[in-house]
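Source file: input_17.pdb; contents: PDB, C-alpha atoms.
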```
ATOM      1  CA  MET A 237       0.641  21.146 -21.721
ATOM      2  CA  PRO A 238      -1.979  19.672 -19.352
ATOM      3  CA  SER A 239      -3.940  22.223 -17.396
ATOM      4  CA  GLN A 240      -2.820  22.759 -13.822
ATOM      5  CA  LYS A 241      -5.120  21.426 -11.120
ATOM      6  CA  ALA A 242      -6.900  23.834  -8.824
ATOM      7  CA  SER A 243      -5.230  24.239  -5.442
ATOM      8  CA  ARG A 244      -8.011  22.325  -3.660
ATOM      9  CA  ASN A 245      -8.082  19.493  -6.206
ATOM     10  CA  LYS A 246      -6.622  16.483  -4.382
ATOM     11  CA  THR A 247      -7.457  13.823  -7.000
ATOM     12  CA  ILE A 248      -4.751  11.135  -7.047
ATOM     13  CA  GLU A 249      -3.126  11.017 -10.470
ATOM     14  CA  LEU A 250       0.084   9.386 -11.727
ATOM     15  CA  SER A 251       2.606  10.242 -14.403
ATOM     16  CA  SER A 252       3.542   7.479 -16.849
ATOM     17  CA  ASN A 253       6.817   6.894 -14.973
ATOM     18  CA  GLU A 254       5.021   6.707 -11.629
ATOM     19  CA  GLU A 255       2.531   4.240 -13.076
ATOM     20  CA  LYS A 256       5.334   1.983 -14.305
ATOM     21  CA  SER A 257       7.024   2.136 -10.904
ATOM     22  CA  TYR A 258       3.890   1.205  -8.943
ATOM     23  CA  LEU A 259       2.959  -1.559 -11.376
ATOM     24  CA  LYS A 260       6.219  -3.318 -10.455
ATOM     25  CA  ARG A 261       4.685  -3.957  -7.016
ATOM     26  CA  CYS A 262       1.756  -5.868  -8.524
ATOM     27  CA  ILE A 263       1.818  -9.604  -9.141
ATOM     28  CA  LYS A 264       0.292 -12.015 -11.650
ATOM     29  CA  LEU A 265      -0.831 -15.563 -10.874
ATOM     30  CA  ASN A 266      -0.137 -18.500 -13.182
ATOM     31  CA  ARG A 267      -0.301 -21.387 -10.686
ATOM     32  CA  LYS A 268      -1.703 -22.189  -7.237
ATOM     33  CA  PHE A 269      -0.112 -19.832  -4.708
ATOM     34  CA  GLU A 270       0.296 -20.015  -0.941
ATOM     35  CA  LEU A 271      -1.437 -17.359   1.169
ATOM     36  CA  ALA A 272       1.861 -15.679   2.075
ATOM     37  CA  ASP A 273       2.529 -15.095  -1.629
ATOM     38  CA  VAL A 274      -0.705 -13.163  -2.264
ATOM     39  CA  LEU A 275      -1.335 -11.550   1.118
ATOM     40  CA  ASP A 276      -1.326  -7.744   1.036
ATOM     41  CA  LYS A 277      -0.853  -7.769  -2.724
ATOM     42  CA  THR A 278      -2.520  -6.195  -5.740
ATOM     43  CA  ILE A 279      -2.981  -8.830  -8.452
ATOM     44  CA  LEU A 280      -2.872  -7.308 -11.928
ATOM     45  CA  GLN A 281      -5.039  -9.784 -13.812
ATOM     46  CA  ASP A 282      -8.544 -10.700 -14.906
ATOM     47  CA  SER A 283     -10.475 -12.035 -11.895
ATOM     48  CA  LEU A 284     -11.922 -14.935 -13.853
ATOM     49  CA  LYS A 285      -8.380 -16.276 -14.239
ATOM     50  CA  ALA A 286      -6.727 -15.132 -11.012
ATOM     51  CA  ILE A 287      -9.340 -16.486  -8.577
ATOM     52  CA  ASP A 288      -8.558 -20.055  -9.630
ATOM     53  CA  PHE A 289      -4.987 -19.684  -8.355
ATOM     54  CA  LEU A 290      -5.840 -18.364  -4.875
ATOM     55  CA  PRO A 291      -5.525 -20.693  -1.855
ATOM     56  CA  GLU A 292      -8.637 -22.437  -0.566
ATOM     57  CA  LYS A 293     -10.528 -21.034   2.431
ATOM     58  CA  CYS A 294      -8.203 -18.067   2.918
ATOM     59  CA  VAL A 295     -10.713 -15.179   2.972
ATOM     60  CA  ASP A 296     -12.646 -13.908   6.006
ATOM     61  CA  LEU A 297     -14.537 -11.143   4.201
ATOM     62  CA  MET A 298     -15.192 -10.509   0.510
ATOM     63  CA  ILE A 299     -16.353  -7.099  -0.713
ATOM     64  CA  VAL A 300     -17.381  -6.951  -4.363
ATOM     65  CA  ASP A 301     -18.197  -3.902  -6.458
ATOM     66  CA  PRO A 302     -18.634  -5.545  -9.868
ATOM     67  CA  PRO A 303     -19.463  -3.637 -13.055
ATOM     68  CA  TYR A 304     -23.156  -2.826 -13.047
ATOM     69  CA  ASN A 305     -25.162  -3.684 -16.136
ATOM     70  CA  LEU A 306     -24.342  -0.330 -17.710
ATOM     71  CA  THR A 307     -22.123   0.640 -20.609
ATOM     72  CA  LYS A 308     -19.135   2.114 -18.782
ATOM     73  CA  ASN A 309     -15.560   2.919 -19.769
ATOM     74  CA  PHE A 310     -13.015   1.435 -17.349
ATOM     75  CA  GLY A 311      -9.640   2.628 -18.585
ATOM     76  CA  SER A 312      -8.666   0.487 -21.565
ATOM     77  CA  SER A 313     -11.833  -1.632 -21.524
ATOM     78  CA  VAL A 314     -15.554  -1.045 -21.789
ATOM     79  CA  PHE A 315     -18.242  -3.004 -19.964
ATOM     80  CA  LYS A 316     -21.272  -3.067 -22.224
ATOM     81  CA  GLU A 317     -24.878  -3.155 -21.075
ATOM     82  CA  THR A 318     -26.662  -6.360 -21.960
ATOM     83  CA  ASP A 319     -29.992  -8.059 -21.271
ATOM     84  CA  ILE A 320     -30.656  -9.166 -17.695
ATOM     85  CA  THR A 321     -30.380 -12.882 -18.538
ATOM     86  CA  SER A 322     -26.879 -12.422 -19.931
ATOM     87  CA  TYR A 323     -25.903 -10.296 -16.949
ATOM     88  CA  LYS A 324     -27.051 -13.029 -14.570
ATOM     89  CA  LYS A 325     -24.924 -15.552 -16.447
ATOM     90  CA  TRP A 326     -21.919 -13.250 -16.091
ATOM     91  CA  LEU A 327     -22.571 -12.840 -12.354
ATOM     92  CA  ASN A 328     -22.806 -16.579 -11.880
ATOM     93  CA  LYS A 329     -19.622 -17.203 -13.883
ATOM     94  CA  TRP A 330     -17.308 -15.383 -11.493
ATOM     95  CA  LEU A 331     -19.324 -15.621  -8.267
ATOM     96  CA  LYS A 332     -19.283 -19.429  -8.140
ATOM     97  CA  LYS A 333     -15.486 -19.316  -8.380
ATOM     98  CA  THR A 334     -15.251 -17.364  -5.111
ATOM     99  CA  VAL A 335     -16.928 -20.027  -2.975
ATOM    100  CA  ARG A 336     -13.719 -22.054  -2.815
ATOM    101  CA  VAL A 337     -11.614 -19.227  -1.333
ATOM    102  CA  LEU A 338     -14.046 -18.221   1.434
ATOM    103  CA  LYS A 339     -13.725 -19.576   4.975
ATOM    104  CA  ASP A 340     -16.638 -21.445   6.519
ATOM    105  CA  ASN A 341     -17.534 -18.403   8.676
ATOM    106  CA  ALA A 342     -16.872 -15.783   5.977
ATOM    107  CA  SER A 343     -19.160 -12.933   4.986
ATOM    108  CA  LEU A 344     -19.533 -11.121   1.681
ATOM    109  CA  TYR A 345     -21.060  -7.916   0.412
ATOM    110  CA  ILE A 346     -22.050  -7.318  -3.222
ATOM    111  CA  CYS A 347     -22.718  -3.800  -4.516
ATOM    112  CA  ALA A 348     -25.389  -3.052  -7.113
ATOM    113  CA  ASP A 349     -27.376  -0.190  -8.584
ATOM    114  CA  TRP A 350     -31.185  -0.150  -8.585
ATOM    115  CA  LYS A 351     -31.476  -1.854 -11.968
ATOM    116  CA  THR A 352     -29.035  -4.736 -11.525
ATOM    117  CA  SER A 353     -29.870  -5.235  -7.861
ATOM    118  CA  ILE A 354     -32.682  -7.646  -8.715
ATOM    119  CA  ALA A 355     -30.164 -10.121 -10.138
ATOM    120  CA  ILE A 356     -27.901 -10.344  -7.072
ATOM    121  CA  PRO A 357     -30.069 -12.363  -4.629
ATOM    122  CA  GLU A 358     -31.192 -14.769  -7.340
ATOM    123  CA  ILE A 359     -27.638 -15.701  -8.324
ATOM    124  CA  ALA A 360     -25.773 -15.341  -5.018
ATOM    125  CA  SER A 361     -28.388 -17.303  -3.059
ATOM    126  CA  LYS A 362     -27.324 -20.403  -4.984
ATOM    127  CA  TYR A 363     -24.116 -20.389  -2.947
ATOM    128  CA  PHE A 364     -24.618 -18.165   0.110
ATOM    129  CA  ILE A 365     -27.122 -17.290   2.835
ATOM    130  CA  LEU A 366     -28.797 -13.917   2.363
ATOM    131  CA  GLN A 367     -28.705 -11.868   5.571
ATOM    132  CA  ASN A 368     -29.786  -8.357   4.554
ATOM    133  CA  ARG A 369     -29.856  -5.618   1.939
ATOM    134  CA  ILE A 370     -28.315  -2.216   2.652
ATOM    135  CA  SER A 371     -29.595   0.734   0.646
ATOM    136  CA  TRP A 372     -27.454   3.855   0.661
ATOM    137  CA  GLU A 373     -27.916   7.348  -0.704
ATOM    138  CA  ARG A 374     -25.587   8.607  -3.431
ATOM    139  CA  GLU A 375     -26.132  12.329  -3.247
ATOM    140  CA  LYS A 376     -24.409  12.865  -6.610
ATOM    141  CA  GLY A 377     -27.026  11.320  -8.932
ATOM    142  CA  ARG A 378     -27.933  13.155 -12.141
ATOM    143  CA  GLY A 379     -31.355  14.679 -12.552
ATOM    144  CA  ALA A 380     -33.839  13.564 -15.219
ATOM    145  CA  GLN A 381     -36.694  15.332 -16.999
ATOM    146  CA  ASN A 382     -39.081  12.367 -17.125
ATOM    147  CA  ASN A 383     -38.005  10.134 -14.211
ATOM    148  CA  TRP A 384     -36.908  10.210 -10.580
ATOM    149  CA  LYS A 385     -33.315  11.236  -9.899
ATOM    150  CA  ASN A 386     -31.147   8.146  -9.459
ATOM    151  CA  CYS A 387     -29.235   8.435  -6.164
ATOM    152  CA  LEU A 388     -29.696   5.007  -4.546
ATOM    153  CA  GLU A 389     -27.463   1.937  -4.502
ATOM    154  CA  ASP A 390     -27.697  -1.413  -2.744
ATOM    155  CA  ILE A 391     -25.215  -3.631  -0.933
ATOM    156  CA  TRP A 392     -26.331  -7.237  -0.485
ATOM    157  CA  PHE A 393     -25.056  -8.972   2.668
ATOM    158  CA  PHE A 394     -24.450 -12.742   2.507
ATOM    159  CA  THR A 395     -22.673 -15.304   4.658
ATOM    160  CA  ILE A 396     -21.349 -18.788   4.017
ATOM    161  CA  SER A 397     -23.072 -20.202   7.111
ATOM    162  CA  LYS A 398     -25.068 -19.157  10.150
ATOM    163  CA  GLU A 399     -21.812 -18.668  12.068
ATOM    164  CA  TYR A 400     -20.218 -15.359  11.113
ATOM    165  CA  THR A 401     -18.614 -12.210  12.523
ATOM    166  CA  PHE A 402     -20.695  -9.120  13.205
ATOM    167  CA  ASN A 403     -19.278  -6.373  15.445
ATOM    168  CA  ILE A 404     -22.251  -4.111  16.113
ATOM    169  CA  ASP A 405     -20.418  -1.810  18.542
ATOM    170  CA  ALA A 406     -17.795  -1.023  15.902
ATOM    171  CA  VAL A 407     -20.313   0.529  13.506
ATOM    172  CA  LYS A 408     -22.600   2.606  15.688
ATOM    173  CA  ILE A 409     -23.350   6.095  14.350
ATOM    174  CA  GLN A 410     -23.077   9.360  16.249
ATOM    175  CA  ARG A 411     -26.280  11.359  15.853
ATOM    176  CA  GLU A 412     -27.288  14.654  17.391
ATOM    177  CA  VAL A 413     -29.934  14.400  20.109
ATOM    178  CA  ILE A 414     -32.860  16.738  19.502
ATOM    179  CA  ALA A 415     -34.690  16.109  22.792
ATOM    180  CA  PRO A 416     -32.145  14.940  25.426
ATOM    181  CA  TYR A 417     -33.632  13.170  28.450
ATOM    182  CA  ARG A 418     -32.147  12.880  31.938
ATOM    183  CA  ASP A 419     -32.973  10.443  34.708
ATOM    184  CA  ASN A 420     -34.301  11.473  38.122
ATOM    185  CA  ASN A 421     -30.789  12.315  39.274
ATOM    186  CA  GLY A 422     -30.158  14.602  36.310
ATOM    187  CA  VAL A 423     -27.792  12.167  34.607
ATOM    188  CA  PRO A 424     -27.941  12.119  30.780
ATOM    189  CA  LYS A 425     -29.908   9.144  29.509
ATOM    190  CA  ASP A 426     -28.011   7.438  26.705
ATOM    191  CA  TRP A 427     -26.328  10.593  25.365
ATOM    192  CA  PHE A 428     -23.223  12.718  25.851
ATOM    193  CA  GLU A 429     -22.089  16.265  25.270
ATOM    194  CA  GLU A 430     -19.439  17.377  22.810
ATOM    195  CA  GLY A 431     -18.894  21.106  22.636
ATOM    196  CA  ASN A 432     -22.272  22.788  22.688
ATOM    197  CA  LYS A 433     -24.137  19.825  21.195
ATOM    198  CA  ARG A 434     -25.520  16.553  22.506
ATOM    199  CA  TYR A 435     -25.035  13.222  20.764
ATOM    200  CA  ARG A 436     -26.092   9.589  21.013
ATOM    201  CA  LEU A 437     -24.476   6.457  19.558
ATOM    202  CA  THR A 438     -27.183   4.566  17.693
ATOM    203  CA  HIS A 439     -27.397   1.134  16.101
ATOM    204  CA  PRO A 440     -26.994   1.360  12.329
ATOM    205  CA  SER A 441     -29.907   0.366  10.133
ATOM    206  CA  ASN A 442     -29.840  -0.971   6.585
ATOM    207  CA  ILE A 443     -30.603   2.522   5.223
ATOM    208  CA  TRP A 444     -27.488   4.694   5.044
ATOM    209  CA  THR A 445     -27.756   8.450   4.480
ATOM    210  CA  ASP A 446     -24.383   9.442   5.936
ATOM    211  CA  ILE A 447     -22.130   8.657   2.944
ATOM    212  CA  SER A 448     -20.405  11.212   0.721
ATOM    213  CA  ILE A 449     -19.174  10.132  -2.715
ATOM    214  CA  PRO A 450     -15.475  10.981  -3.265
ATOM    215  CA  PHE A 451     -15.079  14.224  -5.173
ATOM    216  CA  TRP A 452     -12.146  16.321  -6.369
ATOM    217  CA  SER A 453     -11.332  18.054  -3.074
ATOM    218  CA  MET A 454     -11.205  14.807  -1.058
ATOM    219  CA  PRO A 455      -7.751  13.182  -0.616
ATOM    220  CA  GLU A 456      -9.128   9.735  -1.473
ATOM    221  CA  ASN A 457     -10.524  10.801  -4.855
ATOM    222  CA  THR A 458      -9.223   9.060  -7.998
ATOM    223  CA  PRO A 459     -10.126   9.087 -11.728
ATOM    224  CA  HIS A 460     -12.006   5.783 -11.369
ATOM    225  CA  PRO A 461     -15.600   6.290 -12.638
ATOM    226  CA  THR A 462     -17.336   4.222  -9.932
ATOM    227  CA  GLN A 463     -15.103   4.667  -6.888
ATOM    228  CA  LYS A 464     -16.691   3.794  -3.547
ATOM    229  CA  PRO A 465     -15.994   5.917  -0.438
ATOM    230  CA  GLU A 466     -13.575   4.624   2.198
ATOM    231  CA  LYS A 467     -16.180   5.408   4.856
ATOM    232  CA  LEU A 468     -18.693   3.063   3.231
ATOM    233  CA  ILE A 469     -16.168   0.215   2.933
ATOM    234  CA  ALA A 470     -14.955   0.854   6.493
ATOM    235  CA  LYS A 471     -18.425   0.069   7.838
ATOM    236  CA  LEU A 472     -18.454  -3.305   6.082
ATOM    237  CA  ILE A 473     -14.933  -4.192   7.197
ATOM    238  CA  LEU A 474     -15.428  -3.196  10.836
ATOM    239  CA  ALA A 475     -18.768  -4.986  11.103
ATOM    240  CA  SER A 476     -17.801  -8.242   9.405
ATOM    241  CA  SER A 477     -14.123  -8.834  10.167
ATOM    242  CA  ASN A 478     -11.600  -8.664  12.975
ATOM    243  CA  LYS A 479      -8.035  -7.387  13.229
ATOM    244  CA  ASN A 480      -5.624  -9.352  10.983
ATOM    245  CA  ASP A 481      -8.460 -10.989   9.042
ATOM    246  CA  VAL A 482      -8.142 -11.255   5.257
ATOM    247  CA  VAL A 483     -10.351  -8.972   3.142
ATOM    248  CA  PHE A 484     -10.683  -9.860  -0.553
ATOM    249  CA  ASP A 485     -11.903  -7.727  -3.466
ATOM    250  CA  PRO A 486     -11.937  -9.372  -6.924
ATOM    251  CA  PHE A 487     -12.851  -6.079  -8.668
ATOM    252  CA  LEU A 488     -10.486  -3.763  -6.817
ATOM    253  CA  GLY A 489     -10.713  -0.713  -9.057
ATOM    254  CA  SER A 490      -8.541   2.079  -7.664
ATOM    255  CA  GLY A 491      -7.985   0.216  -4.405
ATOM    256  CA  THR A 492     -10.540   1.429  -1.869
ATOM    257  CA  THR A 493     -11.135  -1.990  -0.271
ATOM    258  CA  SER A 494      -7.439  -2.794   0.124
ATOM    259  CA  VAL A 495      -6.586   0.701   1.352
ATOM    260  CA  THR A 496      -9.393   0.743   3.919
ATOM    261  CA  ALA A 497      -8.503  -2.761   5.101
ATOM    262  CA  LYS A 498      -4.908  -1.674   5.627
ATOM    263  CA  LYS A 499      -5.959   1.430   7.552
ATOM    264  CA  LEU A 500      -8.126  -0.729   9.831
ATOM    265  CA  GLY A 501      -5.467  -3.354  10.591
ATOM    266  CA  ARG A 502      -6.678  -6.089   8.244
ATOM    267  CA  HIS A 503      -4.837  -7.998   5.542
ATOM    268  CA  TYR A 504      -6.018  -7.675   1.964
ATOM    269  CA  ILE A 505      -5.993  -9.329  -1.444
ATOM    270  CA  GLY A 506      -7.150  -7.311  -4.447
ATOM    271  CA  ILE A 507      -7.527  -8.187  -8.110
ATOM    272  CA  GLU A 508      -7.654  -5.501 -10.806
ATOM    273  CA  ARG A 509      -7.063  -5.919 -14.522
ATOM    274  CA  GLU A 510      -6.660  -2.235 -15.493
ATOM    275  CA  LYS A 511      -3.039  -1.054 -15.140
ATOM    276  CA  GLN A 512      -3.960   2.549 -14.388
ATOM    277  CA  TYR A 513      -6.196   1.646 -11.463
ATOM    278  CA  ALA A 514      -3.873  -1.053 -10.090
ATOM    279  CA  ALA A 515      -1.048   1.494 -10.030
ATOM    280  CA  ILE A 516      -3.241   4.058  -8.262
ATOM    281  CA  ALA A 517      -4.204   1.381  -5.726
ATOM    282  CA  GLU A 518      -0.528   0.802  -4.967
ATOM    283  CA  LYS A 519       0.022   4.551  -4.615
ATOM    284  CA  ARG A 520      -2.876   4.800  -2.170
ATOM    285  CA  LEU A 521      -1.550   1.833  -0.176
ATOM    286  CA  GLU A 522       1.776   3.635   0.114
ATOM    287  CA  MET A 523       0.003   6.792   1.269
ATOM    288  CA  ALA A 524      -1.901   4.753   3.883
ATOM    289  CA  GLU A 525       1.366   3.893   5.603
ATOM    290  CA  LYS A 526       1.647   7.517   6.719
ATOM    291  CA  ASN A 527      -2.016   8.477   6.960
ATOM    292  CA  GLN A 528      -4.676   6.141   8.382
ATOM    293  CA  ASN A 529      -7.447   8.743   8.362
ATOM    294  CA  ILE A 530     -10.856   7.793   6.959
ATOM    295  CA  GLN A 531     -13.019  10.809   6.248
ATOM    296  CA  GLY A 532     -16.215  10.702   8.311
ATOM    297  CA  PHE A 533     -14.780   8.155  10.789
ATOM    298  CA  GLU A 534     -13.086   9.798  13.755
ATOM    299  CA  ASP A 535     -11.878   8.305  17.038
ATOM    300  CA  GLY A 536     -13.724   5.078  16.329
ATOM    301  CA  ILE A 537     -17.039   6.822  15.651
ATOM    302  CA  PHE A 538     -18.932   7.252  12.377
ATOM    303  CA  LYS A 539     -20.136  10.825  11.975
ATOM    304  CA  ALA A 540     -23.634  11.409  10.611
ATOM    305  CA  ARG A 541     -22.297  12.944   7.396
ATOM    306  CA  ASN A 542     -18.823  13.482   5.957
ATOM    307  CA  THR A 543     -17.540  17.042   6.322
TER     308      THR A 543
END
```

Is it possible to give me this structure as structure tokens?
Amino acid sequence: MPSQKASRNKTIELSSNEEKSYLKRCIKLNRKFELADVLDKTILQDSLKAIDFLPEKCVDLMIVDPPYNLTKNFGSSVFKETDITSYKKWLNKWLKKTVRVLKDNASLYICADWKTSIAIPEIASKYFILQNRISWEREKGRGAQNNWKNCLEDIWFFTISKEYTFNIDAVKIQREVIAPYRDNNGVPKDWFEEGNKRYRLTHPSNIWTDISIPFWSMPENTPHPTQKPEKLIAKLILASSNKNDVVFDPFLGSGTTSVTAKKLGRHYIGIEREKQYAAIAEKRLEMAEKNQNIQGFEDGIFKARNT
């Protein structure tokens, strides 16, 4: 008998029957499809094959969290660490396929850890315009006896052209004001009160310290080993897309990009080859129909740290 979960453990898990049921909602591509056929779908397939069957210029925003160059178990498959030259070849192999599906004003974000991050701009700059690099703090990193604790990841921001969407007001961060100023009439200068505290909405930088990694007591948590937080993906979607735009993730994992896109009123296309994670993605999409909450994002405002 499997051990019973603790009462506060909200990790999303599926029985074998539930997995089979949710997998019936997924599709597989074997020919060129129209946008209506793949829109708001989870594609259960290897990205290297499925991307070729997607319509041309159908994607407004692509968010990619590819396997890092680490030996990692992803369900029934293992991604094995290799030398950096081989990893660059692998990056190039699938990344060049995505150019065809992106609109002329599309944006894309590519996630990386500190070690593989050096490969991203070299390969992606062959096809896209580099706009920025976001570095964000993973507070979960393991400690080491003879090195610095690893708790940093990067997100590389590219665009197809110099014309692209960026909604700065949608991603401002609420921070507490330590020294609130007032003008000569006593009116607060660029801050507001909430309860007994004072806050200001500030422009976000490319250093993010307000992200919490999903853990067992968070409703979005899944068994996926490299799951990204909905709050992190929400920032990318709100900044670089508009309502009803199409958000594409060729390495969907347990569905965070698709789920967050749905919660924020965007369309989505996700590709995932592992049955377990594709099924969990479909479960989370079903849950999102009743609950659009994104932890750490309340009333259109990003809080300084998830609580």

task = List the residues matched by the PyMOL selection byres ((chain A and resi 513) around 10) in the displayed structure as number ranges by chain, ordered by chain and then by residue number.
result = A: 249-250, 255, 259, 280, 310-311, 458-460, 488-491, 508-512, 514-519

Prev. selection, C-alpha atoms, output as a compact mmCIF listing (two decimals), in the coordinates of the input:
```txt
# COMPACT_ATOMS: atom_id res chain seq x y z
CA GLU A 249 -3.13 11.02 -10.47
CA LEU A 250 0.08 9.39 -11.73
CA GLU A 255 2.53 4.24 -13.08
CA LEU A 259 2.96 -1.56 -11.38
CA LEU A 280 -2.87 -7.31 -11.93
CA PHE A 310 -13.02 1.44 -17.35
CA GLY A 311 -9.64 2.63 -18.58
CA THR A 458 -9.22 9.06 -8.00
CA PRO A 459 -10.13 9.09 -11.73
CA HIS A 460 -12.01 5.78 -11.37
CA LEU A 488 -10.49 -3.76 -6.82
CA GLY A 489 -10.71 -0.71 -9.06
CA SER A 490 -8.54 2.08 -7.66
CA GLY A 491 -7.98 0.22 -4.40
CA GLU A 508 -7.65 -5.50 -10.81
CA ARG A 509 -7.06 -5.92 -14.52
CA GLU A 510 -6.66 -2.24 -15.49
CA LYS A 511 -3.04 -1.05 -15.14
CA GLN A 512 -3.96 2.55 -14.39
CA ALA A 514 -3.87 -1.05 -10.09
CA ALA A 515 -1.05 1.49 -10.03
CA ILE A 516 -3.24 4.06 -8.26
CA ALA A 517 -4.20 1.38 -5.73
CA GLU A 518 -0.53 0.80 -4.97
CA LYS A 519 0.02 4.55 -4.62
```

**Prompt:** Nearest to Leu331 of chain A among A:Ser283, A:Thr352, A:Asn305, A:Asn403, with distances taken over only C-alpha atoms: which residue is it?
**Reply:**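 Answer, going by the shortest atom-to-atom distance: A:Ser283.
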
note - atom CA of Cys294 of chain A and atom CA of Asp481 of chain A are separated by 9.4 Å

request  = Work out how far apart atom CA of Ile469 of chain A and atom CA of Thr492 of chain A are and give it in Å to one decimal.
outcome  =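 Distance reported for this atom pair: 7.5 Å.
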
Could you list, as JSON, numbers by chain, every residue within 12 Å of Lys351 of chain A, counting all atoms listed in the file and ignoring same-chain residues fewer than 6 positions away?
{"A": [304, 305, 306, 317, 318, 319, 320, 323, 386, 388, 389, 390]}

Using the chain letters and numbers from this file, what does the PyMOL selection byres ((chain A and resi 477) around 10) select? Give the answer as a ChimeraX atom specification. /A:296-298,342-343,400-403,472-476,478-483,497,502

Using the atoms already present, construct N, CA and C atoms for segment 464-478 of chain A and hand them back as a JSON list (two decimals), in the frame of the given file.
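The resulting file, result_20.json, is reproduced below:
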```json
[["chain", "number", "residue", "atom", "x", "y", "z"],
["A", 464, "LYS", "N", -15.91, 3.79, -4.78],
["A", 464, "LYS", "CA", -16.69, 3.79, -3.55],
["A", 464, "LYS", "C", -15.93, 4.53, -2.45],
["A", 465, "PRO", "N", -16.65, 5.17, -1.52],
["A", 465, "PRO", "CA", -15.99, 5.92, -0.44],
["A", 465, "PRO", "C", -15.35, 4.98, 0.59],
["A", 466, "GLU", "N", -14.23, 5.41, 1.15],
["A", 466, "GLU", "CA", -13.58, 4.62, 2.20],
["A", 466, "GLU", "C", -14.50, 4.46, 3.41],
["A", 467, "LYS", "N", -15.28, 5.49, 3.71],
["A", 467, "LYS", "CA", -16.18, 5.41, 4.86],
["A", 467, "LYS", "C", -17.18, 4.28, 4.69],
["A", 468, "LEU", "N", -17.72, 4.13, 3.50],
["A", 468, "LEU", "CA", -18.69, 3.06, 3.23],
["A", 468, "LEU", "C", -18.05, 1.69, 3.42],
["A", 469, "ILE", "N", -16.86, 1.50, 2.83],
["A", 469, "ILE", "CA", -16.17, 0.22, 2.93],
["A", 469, "ILE", "C", -15.73, -0.05, 4.37],
["A", 470, "ALA", "N", -15.37, 1.02, 5.10],
["A", 470, "ALA", "CA", -14.96, 0.85, 6.49],
["A", 470, "ALA", "C", -16.06, 0.24, 7.34],
["A", 471, "LYS", "N", -17.31, 0.64, 7.08],
["A", 471, "LYS", "CA", -18.42, 0.07, 7.84],
["A", 471, "LYS", "C", -18.51, -1.44, 7.63],
["A", 472, "LEU", "N", -18.37, -1.87, 6.38],
["A", 472, "LEU", "CA", -18.45, -3.30, 6.08],
["A", 472, "LEU", "C", -17.31, -4.07, 6.72],
["A", 473, "ILE", "N", -16.11, -3.51, 6.65],
["A", 473, "ILE", "CA", -14.93, -4.19, 7.20],
["A", 473, "ILE", "C", -15.01, -4.28, 8.71],
["A", 474, "LEU", "N", -15.36, -3.19, 9.38],
["A", 474, "LEU", "CA", -15.43, -3.20, 10.84],
["A", 474, "LEU", "C", -16.52, -4.12, 11.35],
["A", 475, "ALA", "N", -17.66, -4.15, 10.66],
["A", 475, "ALA", "CA", -18.77, -4.99, 11.10],
["A", 475, "ALA", "C", -18.48, -6.47, 10.92],
["A", 476, "SER", "N", -17.85, -6.83, 9.80],
["A", 476, "SER", "CA", -17.80, -8.24, 9.40],
["A", 476, "SER", "C", -16.40, -8.84, 9.34],
["A", 477, "SER", "N", -15.45, -8.23, 10.04],
["A", 477, "SER", "CA", -14.12, -8.83, 10.17],
["A", 477, "SER", "C", -13.47, -8.36, 11.45],
["A", 478, "ASN", "N", -12.38, -9.03, 11.80],
["A", 478, "ASN", "CA", -11.60, -8.66, 12.98],
["A", 478, "ASN", "C", -10.17, -8.30, 12.56]]
```
